[in-house]
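Asks: Below is the file coords-v7.tsv, which contains TSV, C-alpha atoms.
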```
chain	number	residue	atom	x	y	z
A	7	MET	CA	-226.31	-14.53	157.85
A	8	MET	CA	-228.40	-11.77	156.28
A	9	LYS	CA	-226.62	-12.29	152.94
A	10	ARG	CA	-227.42	-16.03	153.06
A	11	GLY	CA	-231.07	-15.29	153.84
A	12	ARG	CA	-231.26	-12.87	150.92
A	13	THR	CA	-229.73	-15.51	148.63
A	14	LEU	CA	-232.25	-18.13	149.74
A	15	LYS	CA	-235.06	-15.66	149.18
A	16	ILE	CA	-233.85	-14.97	145.63
A	17	ILE	CA	-233.54	-18.70	144.96
A	18	GLY	CA	-237.06	-19.20	146.28
A	19	LEU	CA	-238.40	-16.46	144.02
A	20	VAL	CA	-236.62	-17.96	141.00
A	21	VAL	CA	-238.04	-21.41	141.76
A	22	LEU	CA	-241.52	-19.91	142.18
A	23	LEU	CA	-241.15	-18.05	138.87
A	24	ILE	CA	-240.07	-21.27	137.14
A	25	ILE	CA	-243.10	-23.08	138.59
A	26	ILE	CA	-245.45	-20.31	137.43
A	27	ILE	CA	-243.94	-20.34	133.94
A	28	GLY	CA	-244.25	-24.13	133.87
A	29	VAL	CA	-247.91	-24.00	134.92
A	30	ILE	CA	-248.66	-21.35	132.27
A	31	ALA	CA	-246.83	-23.36	129.59
A	32	ALA	CA	-248.74	-26.51	130.58
A	33	ALA	CA	-252.05	-24.62	130.48
A	34	VAL	CA	-251.26	-23.20	127.03
A	35	TYR	CA	-250.28	-26.68	125.79
A	36	CYS	CA	-253.48	-28.25	127.13
A	37	TYR	CA	-255.59	-25.47	125.60
A	38	LYS	CA	-253.95	-25.92	122.20
A	39	CYS	CA	-254.46	-29.69	122.39
A	40	THR	CA	-258.24	-29.28	122.55
A	41	HIS	CA	-258.81	-25.95	120.75
A	42	TYR	CA	-256.34	-26.31	117.86
A	43	TRP	CA	-259.00	-25.95	115.15
A	44	GLN	CA	-261.26	-23.24	116.56
A	45	THR	CA	-259.13	-20.23	115.64
A	46	ASP	CA	-258.84	-21.48	112.07
A	47	LEU	CA	-262.59	-22.08	111.90
A	48	LYS	CA	-263.22	-18.47	112.99
A	49	LYS	CA	-260.80	-17.25	110.32
A	50	THR	CA	-262.59	-19.39	107.74
A	51	ARG	CA	-265.96	-17.88	108.60
A	52	LYS	CA	-264.48	-14.38	108.61
A	53	ALA	CA	-263.04	-15.04	105.14
A	54	GLY	CA	-266.59	-15.42	103.83
A	55	TYR	CA	-267.25	-19.16	103.75
A	56	THR	CA	-270.85	-20.26	104.13
A	57	GLU	CA	-272.18	-23.76	104.74
A	58	LYS	CA	-274.83	-25.01	102.30
A	59	GLN	CA	-276.61	-28.16	101.17
A	60	VAL	CA	-277.88	-29.42	97.84
A	61	ILE	CA	-280.33	-32.29	97.27
A	62	LEU	CA	-279.51	-34.36	94.20
A	63	PRO	CA	-282.11	-35.83	91.79
A	64	ASN	CA	-281.57	-39.23	93.46
A	65	GLY	CA	-282.58	-37.75	96.83
A	66	GLU	CA	-279.10	-37.72	98.38
A	67	THR	CA	-277.76	-34.63	100.15
A	68	ILE	CA	-274.30	-33.14	99.76
A	69	ASN	CA	-273.28	-30.71	102.49
A	70	TYR	CA	-270.53	-28.25	101.60
A	71	ALA	CA	-268.87	-24.96	102.38
A	72	GLU	CA	-268.44	-22.35	99.66
A	73	GLY	CA	-265.97	-19.49	99.75
A	74	PRO	CA	-266.05	-16.15	97.97
A	75	ASP	CA	-265.54	-16.18	94.18
A	76	ASN	CA	-261.97	-14.98	93.78
A	77	GLY	CA	-260.83	-17.14	90.89
A	78	LYS	CA	-260.98	-20.59	89.36
A	79	ALA	CA	-263.16	-23.18	91.09
A	80	LEU	CA	-261.50	-25.63	93.50
A	81	LEU	CA	-263.29	-28.73	94.81
A	82	LEU	CA	-261.89	-30.14	98.07
A	83	ILE	CA	-262.66	-33.72	99.21
A	84	HIS	CA	-261.61	-34.68	102.75
A	85	GLY	CA	-260.31	-38.05	103.92
A	86	GLN	CA	-261.98	-40.78	105.92
A	87	THR	CA	-263.57	-39.79	109.28
A	88	GLY	CA	-263.14	-36.14	108.29
A	89	ALA	CA	-265.47	-33.36	107.19
A	90	TRP	CA	-265.16	-30.17	105.17
A	91	GLU	CA	-263.96	-28.38	108.32
A	92	ASP	CA	-260.81	-30.49	108.23
A	93	TYR	CA	-259.53	-27.93	105.70
A	94	VAL	CA	-259.98	-24.83	107.90
A	95	ARG	CA	-256.23	-24.33	108.25
A	96	VAL	CA	-255.91	-23.66	104.50
A	97	LEU	CA	-259.36	-22.31	103.54
A	98	PRO	CA	-258.76	-18.62	104.42
A	99	LYS	CA	-255.60	-18.50	102.29
A	100	LEU	CA	-257.01	-20.55	99.42
A	101	CYS	CA	-259.99	-18.27	98.90
A	102	GLU	CA	-257.68	-15.37	98.09
A	103	ASN	CA	-257.13	-16.89	94.62
A	104	TRP	CA	-259.82	-19.57	94.24
A	105	HIS	CA	-263.57	-20.11	94.40
A	106	VAL	CA	-263.49	-22.95	96.93
A	107	PHE	CA	-266.10	-25.67	97.41
A	108	ALA	CA	-265.30	-28.10	100.26
A	109	VAL	CA	-267.71	-31.04	100.55
A	110	ASP	CA	-268.67	-33.62	103.16
A	111	CYS	CA	-268.36	-37.10	101.63
A	112	TYR	CA	-271.27	-39.49	102.00
A	113	GLY	CA	-271.29	-41.09	105.43
A	114	HIS	CA	-269.50	-38.04	106.85
A	115	GLY	CA	-270.51	-34.70	108.28
A	116	LYS	CA	-273.94	-33.50	107.27
A	117	SER	CA	-274.07	-35.23	103.89
A	118	SER	CA	-276.32	-38.28	103.37
A	119	HIS	CA	-275.67	-41.31	105.56
A	120	ASP	CA	-276.98	-43.91	103.13
A	121	GLU	CA	-274.94	-47.12	102.94
A	122	GLU	CA	-275.86	-47.60	99.27
A	123	THR	CA	-273.70	-44.57	98.45
A	124	TYR	CA	-270.57	-45.74	100.29
A	125	TYR	CA	-268.72	-46.71	97.12
A	126	LEU	CA	-266.18	-44.99	94.91
A	127	LYS	CA	-268.42	-45.02	91.85
A	128	GLU	CA	-271.61	-43.82	93.59
A	129	ASN	CA	-269.94	-41.06	95.62
A	130	GLY	CA	-267.70	-40.16	92.68
A	131	ASN	CA	-270.57	-39.86	90.19
A	132	ASP	CA	-272.53	-37.65	92.59
A	133	LEU	CA	-269.48	-35.41	93.04
A	134	ILE	CA	-269.32	-35.12	89.25
A	135	TRP	CA	-273.01	-34.10	89.32
A	136	PHE	CA	-272.07	-31.53	92.01
A	137	LEU	CA	-269.30	-30.26	89.76
A	138	ASP	CA	-271.67	-29.89	86.80
A	139	HIS	CA	-274.74	-28.50	88.57
A	140	VAL	CA	-273.49	-26.63	91.65
A	141	ILE	CA	-270.01	-25.44	90.67
A	142	GLY	CA	-270.97	-25.15	87.01
A	143	GLU	CA	-267.55	-24.10	85.72
A	144	ASP	CA	-264.08	-25.46	85.07
A	145	ALA	CA	-262.48	-26.67	88.28
A	146	VAL	CA	-259.44	-28.22	89.88
A	147	VAL	CA	-260.24	-31.13	92.19
A	148	SER	CA	-258.19	-32.03	95.25
A	149	GLY	CA	-258.68	-34.89	97.68
A	150	HIS	CA	-256.91	-36.16	100.78
A	151	SER	CA	-256.37	-39.86	101.58
A	152	SER	CA	-259.52	-41.80	100.56
A	153	GLY	CA	-260.74	-38.42	99.27
A	154	GLY	CA	-257.69	-38.50	97.03
A	155	ILE	CA	-259.01	-41.65	95.36
A	156	LEU	CA	-262.37	-39.93	94.96
A	157	ALA	CA	-260.58	-36.94	93.46
A	158	ALA	CA	-258.80	-39.30	91.06
A	159	TYR	CA	-262.21	-40.67	90.00
A	160	VAL	CA	-263.59	-37.17	89.40
A	161	ALA	CA	-260.43	-36.21	87.49
A	162	ALA	CA	-260.60	-39.35	85.35
A	163	TYR	CA	-264.33	-39.37	84.57
A	164	GLY	CA	-265.56	-35.84	85.29
A	165	GLY	CA	-265.29	-34.64	81.70
A	166	ASP	CA	-263.99	-31.36	80.34
A	167	ARG	CA	-264.92	-29.33	83.43
A	168	VAL	CA	-262.02	-30.92	85.36
A	169	VAL	CA	-258.85	-29.04	84.42
A	170	GLY	CA	-256.45	-30.27	87.09
A	171	ALA	CA	-256.06	-32.46	90.17
A	172	VAL	CA	-254.12	-32.51	93.43
A	173	LEU	CA	-253.94	-35.97	94.97
A	174	GLU	CA	-252.92	-35.55	98.61
A	175	ASP	CA	-251.28	-38.75	99.86
A	176	PRO	CA	-253.96	-41.13	98.54
A	177	PRO	CA	-253.63	-44.83	99.52
A	178	VAL	CA	-253.09	-46.00	95.95
A	179	PHE	CA	-252.50	-49.75	95.53
A	180	SER	CA	-252.02	-50.18	99.30
A	181	THR	CA	-255.80	-50.49	99.86
A	182	GLU	CA	-256.25	-53.06	97.12
A	183	GLN	CA	-256.96	-56.59	98.23
A	184	ASN	CA	-253.58	-58.13	97.49
A	185	TYR	CA	-251.76	-55.64	99.74
A	186	PHE	CA	-254.22	-54.10	102.19
A	187	GLU	CA	-253.60	-56.34	105.21
A	188	LYS	CA	-249.92	-55.28	105.23
A	189	SER	CA	-250.82	-51.62	105.64
A	190	PHE	CA	-251.15	-49.39	108.69
A	191	ALA	CA	-254.64	-48.33	107.56
A	192	TYR	CA	-255.89	-51.92	107.73
A	193	GLN	CA	-254.11	-52.92	110.93
A	194	ASP	CA	-254.78	-49.69	112.83
A	195	THR	CA	-258.19	-48.54	111.59
A	196	TYR	CA	-260.29	-50.75	109.35
A	197	LYS	CA	-259.79	-54.04	111.16
A	198	ASN	CA	-260.66	-52.25	114.41
A	199	ILE	CA	-263.75	-50.66	112.84
A	200	HIS	CA	-264.88	-54.09	111.62
A	201	ASP	CA	-264.28	-55.73	114.99
A	202	TYR	CA	-265.96	-52.85	116.84
A	203	ILE	CA	-269.21	-52.78	114.85
A	204	SER	CA	-269.31	-56.59	114.81
A	205	GLY	CA	-269.01	-56.84	118.59
A	206	GLU	CA	-271.11	-55.82	121.58
A	207	GLN	CA	-269.79	-52.22	121.74
A	208	THR	CA	-269.48	-52.07	125.51
A	209	GLU	CA	-267.47	-48.83	125.29
A	210	CYS	CA	-267.28	-45.83	122.99
A	211	TRP	CA	-265.30	-46.03	119.77
A	212	GLU	CA	-262.57	-43.70	121.03
A	213	ALA	CA	-261.89	-45.97	124.02
A	214	TYR	CA	-262.00	-49.12	121.90
A	215	TYR	CA	-259.67	-47.63	119.32
A	216	MET	CA	-257.12	-46.50	121.91
A	217	ARG	CA	-257.13	-49.98	123.41
A	218	HIS	CA	-256.42	-51.65	120.06
A	219	CYS	CA	-254.71	-49.13	117.74
A	220	LEU	CA	-251.48	-50.22	116.12
A	221	TRP	CA	-249.44	-47.13	116.98
A	222	GLY	CA	-250.39	-47.50	120.64
A	223	GLN	CA	-249.32	-51.14	120.70
A	224	LEU	CA	-246.03	-50.20	119.04
A	225	TYR	CA	-245.03	-47.14	121.05
A	226	MET	CA	-247.17	-46.75	124.22
A	227	THR	CA	-248.31	-50.24	125.21
A	228	SER	CA	-248.29	-49.66	128.95
A	229	SER	CA	-250.26	-46.40	128.70
A	230	MET	CA	-253.07	-47.29	126.30
A	231	ASN	CA	-255.53	-48.88	128.72
A	232	GLY	CA	-255.36	-45.83	130.96
A	233	ILE	CA	-255.86	-43.53	127.97
A	234	ALA	CA	-258.79	-45.66	126.82
A	235	ASN	CA	-260.36	-45.48	130.27
A	236	TYR	CA	-260.01	-41.69	130.18
A	237	ALA	CA	-261.78	-41.67	126.79
A	238	GLN	CA	-264.69	-43.67	128.18
A	239	ARG	CA	-265.08	-41.34	131.16
A	240	TYR	CA	-264.97	-38.31	128.85
A	241	HIS	CA	-267.58	-39.85	126.56
A	242	GLU	CA	-269.91	-40.62	129.46
A	243	LYS	CA	-269.63	-37.03	130.68
A	244	HIS	CA	-269.94	-35.49	127.16
A	245	PRO	CA	-271.87	-38.08	125.10
A	246	THR	CA	-272.59	-35.77	122.14
A	247	GLU	CA	-269.03	-34.46	121.80
A	248	PRO	CA	-265.95	-36.05	120.24
A	249	VAL	CA	-263.42	-37.22	122.80
A	250	GLN	CA	-260.54	-34.76	123.07
A	251	TYR	CA	-257.51	-35.47	125.28
A	252	PHE	CA	-256.09	-32.39	126.99
A	253	PHE	CA	-252.72	-34.16	127.19
A	254	MET	CA	-252.55	-35.40	123.57
A	255	PRO	CA	-251.32	-33.41	120.54
A	256	GLU	CA	-253.45	-32.36	117.58
A	257	SER	CA	-252.18	-35.30	115.54
A	258	ILE	CA	-254.06	-37.63	117.91
A	259	ASN	CA	-257.07	-35.49	118.82
A	260	GLY	CA	-257.71	-34.75	115.16
A	261	ILE	CA	-258.47	-38.45	114.60
A	262	PHE	CA	-261.67	-38.07	116.63
A	263	LEU	CA	-262.75	-34.51	115.84
A	264	PHE	CA	-265.50	-35.45	113.36
A	265	VAL	CA	-266.08	-39.08	114.31
A	266	ASN	CA	-269.53	-38.35	115.81
A	267	GLU	CA	-270.72	-37.58	112.26
A	268	TYR	CA	-269.03	-40.60	110.67
A	269	ASP	CA	-270.87	-43.77	109.66
A	270	PHE	CA	-268.70	-46.78	110.50
A	271	LEU	CA	-270.32	-48.72	107.67
A	272	PHE	CA	-268.30	-46.51	105.34
A	273	GLY	CA	-265.16	-47.96	106.91
A	274	GLU	CA	-266.63	-51.46	106.69
A	275	HIS	CA	-266.74	-51.12	102.90
A	276	PHE	CA	-263.03	-50.32	102.97
A	277	TYR	CA	-262.44	-53.38	105.14
A	278	ASP	CA	-264.14	-55.72	102.67
A	279	TYR	CA	-262.67	-53.93	99.59
A	280	SER	CA	-266.12	-53.15	98.15
A	281	TRP	CA	-265.71	-49.36	98.41
A	282	HIS	CA	-263.48	-49.38	95.33
A	283	SER	CA	-266.40	-50.52	93.15
A	284	GLY	CA	-264.23	-53.11	91.43
A	285	ILE	CA	-262.15	-50.39	89.74
A	286	PRO	CA	-258.43	-51.29	89.72
A	287	HIS	CA	-256.24	-48.41	90.79
A	288	GLU	CA	-254.03	-48.91	87.75
A	289	LYS	CA	-256.96	-48.23	85.41
A	290	LEU	CA	-258.28	-45.35	87.50
A	291	LEU	CA	-254.93	-43.56	87.49
A	292	SER	CA	-254.25	-44.29	83.82
A	293	ASP	CA	-257.56	-42.64	82.91
A	294	ILE	CA	-256.52	-39.27	84.40
A	295	LYS	CA	-255.57	-36.98	81.51
A	296	VAL	CA	-255.43	-33.60	83.28
A	297	PRO	CA	-252.35	-31.96	84.85
A	298	THR	CA	-251.91	-33.47	88.31
A	299	VAL	CA	-249.81	-32.85	91.40
A	300	PHE	CA	-249.27	-35.99	93.47
A	301	LEU	CA	-248.29	-35.32	97.09
A	302	HIS	CA	-246.76	-38.33	98.82
A	303	VAL	CA	-245.54	-38.65	102.40
A	304	LYS	CA	-242.43	-40.81	102.45
A	305	ALA	CA	-243.07	-44.33	103.71
A	306	LEU	CA	-241.87	-45.95	106.92
A	307	TYR	CA	-242.22	-49.59	108.01
A	308	THR	CA	-242.46	-51.50	111.26
A	309	GLU	CA	-239.92	-54.20	112.05
A	310	ASP	CA	-242.32	-56.85	110.74
A	311	GLY	CA	-242.92	-55.02	107.47
A	312	ILE	CA	-246.21	-53.17	108.08
A	313	LEU	CA	-246.43	-50.10	105.85
A	314	MET	CA	-246.76	-47.04	108.10
A	315	ALA	CA	-247.89	-44.70	105.33
A	316	ALA	CA	-250.70	-44.22	102.84
A	317	SER	CA	-248.67	-45.91	100.10
A	318	SER	CA	-245.16	-47.19	99.67
A	319	ASP	CA	-242.72	-44.95	97.82
A	320	GLU	CA	-242.77	-47.39	94.91
A	321	GLN	CA	-246.58	-47.46	94.78
A	322	ALA	CA	-246.79	-43.66	94.81
A	323	ARG	CA	-244.20	-43.26	92.05
A	324	LYS	CA	-245.98	-45.87	89.96
A	325	ALA	CA	-249.22	-43.90	90.36
A	326	ALA	CA	-247.55	-40.70	89.16
A	327	GLU	CA	-246.09	-42.52	86.16
A	328	LEU	CA	-249.49	-43.95	85.23
A	329	ILE	CA	-251.05	-40.49	85.28
A	330	GLY	CA	-248.45	-39.17	82.90
A	331	ASP	CA	-248.89	-35.40	83.15
A	332	CYS	CA	-248.04	-35.47	86.82
A	333	GLU	CA	-245.68	-33.65	89.15
A	334	PHE	CA	-244.57	-35.96	91.96
A	335	VAL	CA	-243.80	-34.25	95.29
A	336	GLU	CA	-242.39	-36.32	98.15
A	337	LEU	CA	-242.64	-34.98	101.71
A	338	SER	CA	-241.91	-36.23	105.20
A	339	GLY	CA	-244.11	-36.02	108.27
A	340	ASN	CA	-247.83	-36.36	108.88
A	341	HIS	CA	-250.25	-37.96	106.40
A	342	ASN	CA	-252.56	-34.91	106.67
A	343	ILE	CA	-250.46	-32.49	104.64
A	344	HIS	CA	-253.01	-29.67	104.40
A	345	ARG	CA	-253.23	-29.51	108.19
A	346	PHE	CA	-249.61	-30.00	109.21
A	347	LYS	CA	-247.83	-28.54	106.17
A	348	PRO	CA	-250.41	-26.02	104.92
A	349	GLU	CA	-247.90	-23.95	102.96
A	350	ALA	CA	-246.79	-27.00	100.95
A	351	PHE	CA	-250.40	-27.91	100.20
A	352	ILE	CA	-251.38	-24.38	99.15
A	353	GLU	CA	-248.29	-24.14	96.94
A	354	ALA	CA	-249.23	-27.42	95.22
A	355	VAL	CA	-252.80	-26.25	94.59
A	356	ASN	CA	-251.66	-22.86	93.28
A	357	ARG	CA	-249.47	-24.52	90.66
A	358	LEU	CA	-252.68	-25.45	88.83
A	359	ASN	CA	-254.19	-21.97	88.91
```
Would you mind writing the structure in this file as structure tokens?

Replies:
Amino acid sequence: MMKRGRTLKIIGLVVLLIIIIGVIAAAVYCYKCTHYWQTDLKKTRKAGYTEKQVILPNGETINYAEGPDNGKALLLIHGQTGAWEDYVRVLPKLCENWHVFAVDCYGHGKSSHDEETYYLKENGNDLIWFLDHVIGEDAVVSGHSSGGILAAYVAAYGGDRVVGAVLEDPPVFSTEQNYFEKSFAYQDTYKNIHDYISGEQTECWEAYYMRHCLWGQLYMTSSMNGIANYAQRYHEKHPTEPVQYFFMPESINGIFLFVNEYDFLFGEHFYDYSWHSGIPHEKLLSDIKVPTVFLHVKALYTEDGILMAASSDEQARKAAELIGDCEFVELSGNHNIHRFKPEAFIEAVNRLN
């Protein structure tokens, strides 16, 4: 009887230990879900980055972070709904060999929120001015997603100061008018942005997006209304903060991290195709004459043929061929390569040093 009691006691202790470990693991997971970027931001500041602003002759403001001068200049251009801080996972390592300048695009972060600048040509020309007057030396330019198209513009038309380019999964050809509606970007983001700003806006963007996003309708239909309701409650309790879900991974929470500093009219210009300033992607890419690394995340499709990637594999390869002096690198996984595969991104950038 005593032996049985001792056995039950041991079993009870083991179960209690398992519960404690489970609670700790859940707490660590929840903490990482909402604090995934803060450690990297601290490392970035410790590495010597400082945030600055410059006012252009046309009155517009470009906000940017500059790292210590440890080599050739590198201009980083984030993707849509991002900010310069989106690069914090790679900034500490990059500044070991580069003089890094990471900008906020117009309509994002602390740069100007002036709708007249929400076009490829206007934003691109002002980034070329930034290259000439702030950086003031030869530079490699790198851009992610829509920032990759901006980087292509700077590489094509930025003159002799641009000595190389890294295009990080840009939506080449897929965001042009004859294809756009068949893409994830249109179905998941830009159509929802258009509908949201055109409607009554009875809830916050994060709640509206969760209720209508394509990936939610495909994979988590029964859960999305509850998640959207959680977003609305969070927003009402923390109206000046981006909604962060303690139960969602970084790949989801990162969508909203900088949205409070994003002008939805920027997205509206993507929706109506005007952002591209009438410049065909074929011409833009053909005009790049500098050594380029093109990073492409391999495409997937829904059952009804919606492209679940920035570009199709064929579109990305065509882009690399048009550039000519271009190394094409195909990866799998998340669209945000510099955040989820930082080593691969840093390696690509360093090839141009």

Asks: Pick out the residues sitting within 12 Å of Asn342 in chain A, and hand them over as a tab-separated table (two decimals) with C-alpha atoms, keeping the file's coordinate frame; count all atoms listed in the file, and ignore anything fewer than 5 positions along from it in its own chain.

Replies:
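File result-v1.tsv, as written:
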```
chain	number	residue	atom	x	y	z
A	84	HIS	CA	-261.61	-34.68	102.75
A	85	GLY	CA	-260.31	-38.05	103.92
A	86	GLN	CA	-261.98	-40.78	105.92
A	88	GLY	CA	-263.14	-36.14	108.29
A	92	ASP	CA	-260.81	-30.49	108.23
A	93	TYR	CA	-259.53	-27.93	105.70
A	95	ARG	CA	-256.23	-24.33	108.25
A	96	VAL	CA	-255.91	-23.66	104.50
A	149	GLY	CA	-258.68	-34.89	97.68
A	150	HIS	CA	-256.91	-36.16	100.78
A	151	SER	CA	-256.37	-39.86	101.58
A	152	SER	CA	-259.52	-41.80	100.56
A	153	GLY	CA	-260.74	-38.42	99.27
A	154	GLY	CA	-257.69	-38.50	97.03
A	173	LEU	CA	-253.94	-35.97	94.97
A	174	GLU	CA	-252.92	-35.55	98.61
A	175	ASP	CA	-251.28	-38.75	99.86
A	176	PRO	CA	-253.96	-41.13	98.54
A	256	GLU	CA	-253.45	-32.36	117.58
A	257	SER	CA	-252.18	-35.30	115.54
A	258	ILE	CA	-254.06	-37.63	117.91
A	260	GLY	CA	-257.71	-34.75	115.16
A	261	ILE	CA	-258.47	-38.45	114.60
A	301	LEU	CA	-248.29	-35.32	97.09
A	302	HIS	CA	-246.76	-38.33	98.82
A	303	VAL	CA	-245.54	-38.65	102.40
A	315	ALA	CA	-247.89	-44.70	105.33
A	316	ALA	CA	-250.70	-44.22	102.84
A	337	LEU	CA	-242.64	-34.98	101.71
A	347	LYS	CA	-247.83	-28.54	106.17
A	348	PRO	CA	-250.41	-26.02	104.92
A	350	ALA	CA	-246.79	-27.00	100.95
A	351	PHE	CA	-250.40	-27.91	100.20
```

Asks: As a VMD selection string, please: the residues near Leu133 in chain A (cut-off 9 Å, only C-alpha atoms, same-chain neighbours under 6 positions excluded).

Replies: chain A and resid 68 109 111 156 160 164

Asks: Counting only C-alpha atoms, what are the residues of range 68-179 of chain A within 9 Å of range 293-299 of chain A, and for each of them which pair of atoms is the nearest and at what distance in Å, to one decimal? Sort the table by chain and rising number, as a tab-separated table.

Replies:
```
residue	atom	partner	partner_atom	distance
A:Ala158	CA	A:Ile294	CA	7.0
A:Tyr159	CA	A:Ile294	CA	8.1
A:Val160	CA	A:Ile294	CA	8.9
A:Ala161	CA	A:Ile294	CA	5.8
A:Ala162	CA	A:Ile294	CA	4.2
A:Tyr163	CA	A:Asp293	CA	7.7
A:Val168	CA	A:Val296	CA	7.4
A:Val169	CA	A:Val296	CA	5.8
A:Gly170	CA	A:Pro297	CA	5.0
A:Ala171	CA	A:Thr298	CA	4.7
A:Val172	CA	A:Val299	CA	4.8
A:Leu173	CA	A:Val299	CA	6.3
A:Glu174	CA	A:Val299	CA	8.3
```

Asks: Please provide the set of residues having any atom within 10 Å of Glu91 in chain A, restricted to all atoms listed in the file, with same-chain residues fewer than 5 positions apart removed, written as a ChimeraX atom specification.

Replies: /A:43,46-47,50,70-71,84,97,108-110,115,263-264

Asks: Out of A:Arg239, A:His105, A:His341, A:Arg357, which residue has the shortest atom-to-atom distance to Asp75 in chain A when counting only C-alpha atoms?

Replies: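 Result for the nearest residue to Asp75 in chain A: A:His105.
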
Asks: Reconstruct N, CA and C atoms of range 277-291 of chain A from the incomplete input and present them as a compact mmCIF listing (two decimals), keeping the file's coordinate frame.

Replies:
```txt
# COMPACT_ATOMS: atom_id res chain seq x y z
N TYR A 277 -262.93 -52.12 104.57
CA TYR A 277 -262.44 -53.38 105.14
C TYR A 277 -262.67 -54.54 104.18
N ASP A 278 -263.84 -54.58 103.55
CA ASP A 278 -264.14 -55.72 102.67
C ASP A 278 -263.84 -55.43 101.19
N TYR A 279 -263.15 -54.31 100.93
CA TYR A 279 -262.67 -53.93 99.59
C TYR A 279 -263.79 -53.49 98.64
N SER A 280 -265.03 -53.46 99.08
CA SER A 280 -266.12 -53.15 98.15
C SER A 280 -266.20 -51.67 97.82
N TRP A 281 -265.64 -50.80 98.66
CA TRP A 281 -265.71 -49.36 98.41
C TRP A 281 -265.15 -48.99 97.04
N HIS A 282 -264.17 -49.72 96.58
CA HIS A 282 -263.48 -49.38 95.33
C HIS A 282 -264.30 -49.69 94.08
N SER A 283 -265.47 -50.27 94.26
CA SER A 283 -266.40 -50.52 93.15
C SER A 283 -265.79 -51.38 92.05
N GLY A 284 -264.83 -52.22 92.42
CA GLY A 284 -264.23 -53.11 91.43
C GLY A 284 -263.33 -52.41 90.42
N ILE A 285 -262.98 -51.15 90.67
CA ILE A 285 -262.15 -50.39 89.74
C ILE A 285 -260.68 -50.53 90.16
N PRO A 286 -259.85 -51.18 89.37
CA PRO A 286 -258.43 -51.29 89.72
C PRO A 286 -257.77 -49.92 89.75
N HIS A 287 -256.90 -49.70 90.70
CA HIS A 287 -256.24 -48.41 90.79
C HIS A 287 -255.41 -48.12 89.55
N GLU A 288 -254.84 -49.13 88.95
CA GLU A 288 -254.03 -48.91 87.75
C GLU A 288 -254.87 -48.29 86.63
N LYS A 289 -256.08 -48.80 86.45
CA LYS A 289 -256.96 -48.23 85.41
C LYS A 289 -257.40 -46.83 85.78
N LEU A 290 -257.80 -46.65 87.04
CA LEU A 290 -258.28 -45.35 87.50
C LEU A 290 -257.22 -44.28 87.25
N LEU A 291 -256.00 -44.55 87.63
CA LEU A 291 -254.93 -43.56 87.49
C LEU A 291 -254.56 -43.34 86.03
```
